[in-house]
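*Asks:* Supplied in structure tokens, the structure appears directly below.
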Amino acid sequence: MKKIYGLSMGLLFLNTIAFCQEGDYIQNPTFGVHFIFDDFKSAQAIRSTSLGAAIRNKQFGKIKEMSPGLALNYIQGLSPSFDFTSTLTGSFLDYAFEDGTKSGKDNLLLEADASIRGKMFSNKYVVSPYFQVGIGASKYQGYYGAIIPVGLGLQVNIFDEAFLLLNAQYRLGITPTTSNHFLFSIGLAGVVDKRKTAASAAPSVR
């Protein structure tokens, strides 16, 4: 019985150490700047036919047909595998509404979202793919709407001080004033506030 008790306590101790060590890899508060490309053409092609047909017929938009812009985003770790992220994007474009009509000239499209991303690996690793889903709002001229961003990304950890972020999203319009579209981005994010880890928070023993 004593051996079983000792083994159980040993396993509990090891699990506690592992949890504390993994907890040190929760994403610190991070601020990023990104270049973005809005792609309405590909989304329209998929909606009018199908994904398979759009691929076969090479109807996906080229980079020169996309609308460039900038984005700012904030990331806050919730656990080693999950983060909260909020993004504000801006680009000038001739918005393609759901019914196929356009405004006729370029205007500023603003989109803001709050999302949760689940990482395949914690920040202990240099490279981590992630999945992201959230809810957001858009403004174009006097039109306001709601969107659901869903996407995949890749995070590259640069010495725990900065991150290279690659992201591809499908932004689903859920109101009559918003249209489905893709958003592609590449950017850099830097740590703005380092949280205290379990090791650094523990008092020193002399």
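Ordering of the structure tokens sets the chain letters (A, B, ...), residue numbers begin anew at 1 in every chain, and ligands are numbered from 1 in the order given.
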Just the strand (DSSP E or B) stuff from region 21-103 of chain A, please, per backbone DSSP, written as a PyMOL selection string.

*Replies:* chain A and resi 30-39+67-77+82-93+96+102

*Asks:* Do a neighbour search on Thr89 (chain A) at 7 Å with only C-alpha atoms, toss out local chain neighbours closer than 6 positions, and write the hits as a list of chain:residue names.

*Replies:*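 The contact residues come out as A:Leu70, A:Ala71, A:Leu72, A:Leu110, A:Glu111, A:Ala112.
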
*Asks:* As an exercise, work out the distance from CA of Leu165 (chain A) to CA of Met66 (chain A) in Å and give it to one decimal place.

*Replies:*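 CA of Met66 (chain A) lies at a distance of 19.6 Å from CA of Leu165 (chain A).
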
*Asks:* Counting only C-alpha atoms, which residues in region 72-132 of chain A sit no more than 7 Å from region 150-159 of chain A? For each one, give the nearest pair of atoms and the distance in Å, sorted by chain then residue number, as JSON lines.

*Replies:*
{"residue": "A:Asn123", "atom": "CA", "partner": "A:Asn157", "partner_atom": "CA", "distance": 7.0}
{"residue": "A:Val126", "atom": "CA", "partner": "A:Asn157", "partner_atom": "CA", "distance": 4.7}
{"residue": "A:Val127", "atom": "CA", "partner": "A:Val156", "partner_atom": "CA", "distance": 4.6}
{"residue": "A:Ser128", "atom": "CA", "partner": "A:Gln155", "partner_atom": "CA", "distance": 5.3}
{"residue": "A:Pro129", "atom": "CA", "partner": "A:Leu154", "partner_atom": "CA", "distance": 4.3}
{"residue": "A:Tyr130", "atom": "CA", "partner": "A:Gly153", "partner_atom": "CA", "distance": 5.2}
{"residue": "A:Phe131", "atom": "CA", "partner": "A:Leu152", "partner_atom": "CA", "distance": 4.7}
{"residue": "A:Gln132", "atom": "CA", "partner": "A:Gly151", "partner_atom": "CA", "distance": 5.2}

*Asks:* Go ahead and save the picked residues with C-alpha atoms, as a PDB file, in the first residue's frame.

*Replies:*
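Everything below was put into out-v9.pdb:
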ATOM      1  CA  ASN A 123       4.753  28.605 -27.646  1.00  0.00           C
ATOM      2  CA  VAL A 126       9.072  27.530 -32.924  1.00  0.00           C
ATOM      3  CA  VAL A 127       6.322  26.767 -35.458  1.00  0.00           C
ATOM      4  CA  SER A 128       2.661  26.205 -34.632  1.00  0.00           C
ATOM      5  CA  PRO A 129      -0.308  25.934 -37.037  1.00  0.00           C
ATOM      6  CA  TYR A 130      -3.592  27.230 -35.650  1.00  0.00           C
ATOM      7  CA  PHE A 131      -7.327  27.361 -36.332  1.00  0.00           C
ATOM      8  CA  GLN A 132      -9.315  30.542 -35.727  1.00  0.00           C
TER       9      GLN A 132
END

*Asks:* Write out as a PyMOL selection string which residues come within 6 Å of Ala114 (chain A) when counting only C-alpha atoms, dropping same-chain ones fewer than 5 positions away.

*Replies:* chain A and resi 85-86+134-135

*Asks:* Please save N, CA and C atoms of the selected residues as a PDB file, in the first residue's frame.

*Replies:*
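Result went into part-v3.pdb, see below:
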ATOM      1  N   THR A  85      -7.860  36.745 -29.630  1.00  0.00           N
ATOM      2  CA  THR A  85      -7.259  37.701 -30.554  1.00  0.00           C
ATOM      3  C   THR A  85      -8.321  38.637 -31.106  1.00  0.00           C
ATOM      4  N   SER A  86      -7.964  39.898 -31.222  1.00  0.00           N
ATOM      5  CA  SER A  86      -8.861  40.917 -31.765  1.00  0.00           C
ATOM      6  C   SER A  86      -8.126  41.653 -32.874  1.00  0.00           C
ATOM      7  N   GLY A 134     -14.399  33.334 -35.013  1.00  0.00           N
ATOM      8  CA  GLY A 134     -14.855  34.431 -34.161  1.00  0.00           C
ATOM      9  C   GLY A 134     -16.107  35.095 -34.695  1.00  0.00           C
ATOM     10  N   ILE A 135     -16.330  36.310 -34.270  1.00  0.00           N
ATOM     11  CA  ILE A 135     -17.473  37.122 -34.684  1.00  0.00           C
ATOM     12  C   ILE A 135     -16.962  38.541 -34.896  1.00  0.00           C
TER      13      ILE A 135
END

*Asks:* What does the structure give for the distance between CA of Phe97 (chain A) and CA of Ser115 (chain A), in Å to one decimal?

*Replies:*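 Separation of CA of Phe97 (chain A) and CA of Ser115 (chain A): 24.1 Å.
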
*Asks:* Kindly indicate which residue among A:Phe37, A:Glu161, A:Ala43, A:Ser48 lies nearest to Gly173 (chain A), using only C-alpha atoms for the distances.

*Replies:* A:Ala43

*Asks:* Just the number, please: distance in Å from CA of Phe184 (chain A) to CA of Lys124 (chain A), one decimal.

*Replies:*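 Distance between the two atoms: 25.9 Å.
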
*Asks:* For Asp193 (chain A), which residue among A:Ala162, A:Ser67, A:Asp106, A:Ser42 is the nearest when counting only C-alpha atoms?

*Replies:*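 Among the listed residues, the smallest separation from Asp193 (chain A) belongs to A:Ala162.
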
*Asks:* May I have the residues within 12 Å of Leu93 (chain A) as a list of chain:residue names, using only C-alpha atoms and disregarding those fewer than 3 positions away in the same chain?

*Replies:* A:Phe37, A:Asp38, A:Asp39, A:Phe40, A:Glu65, A:Met66, A:Ser67, A:Pro68, A:Gly69, A:Gly90, A:Ala96, A:Phe97, A:Lys102, A:Ser103, A:Gly104, A:Lys105, A:Asp106, A:Asn107, A:Leu108, A:Leu109, A:Leu110, A:Tyr140, A:Gln141
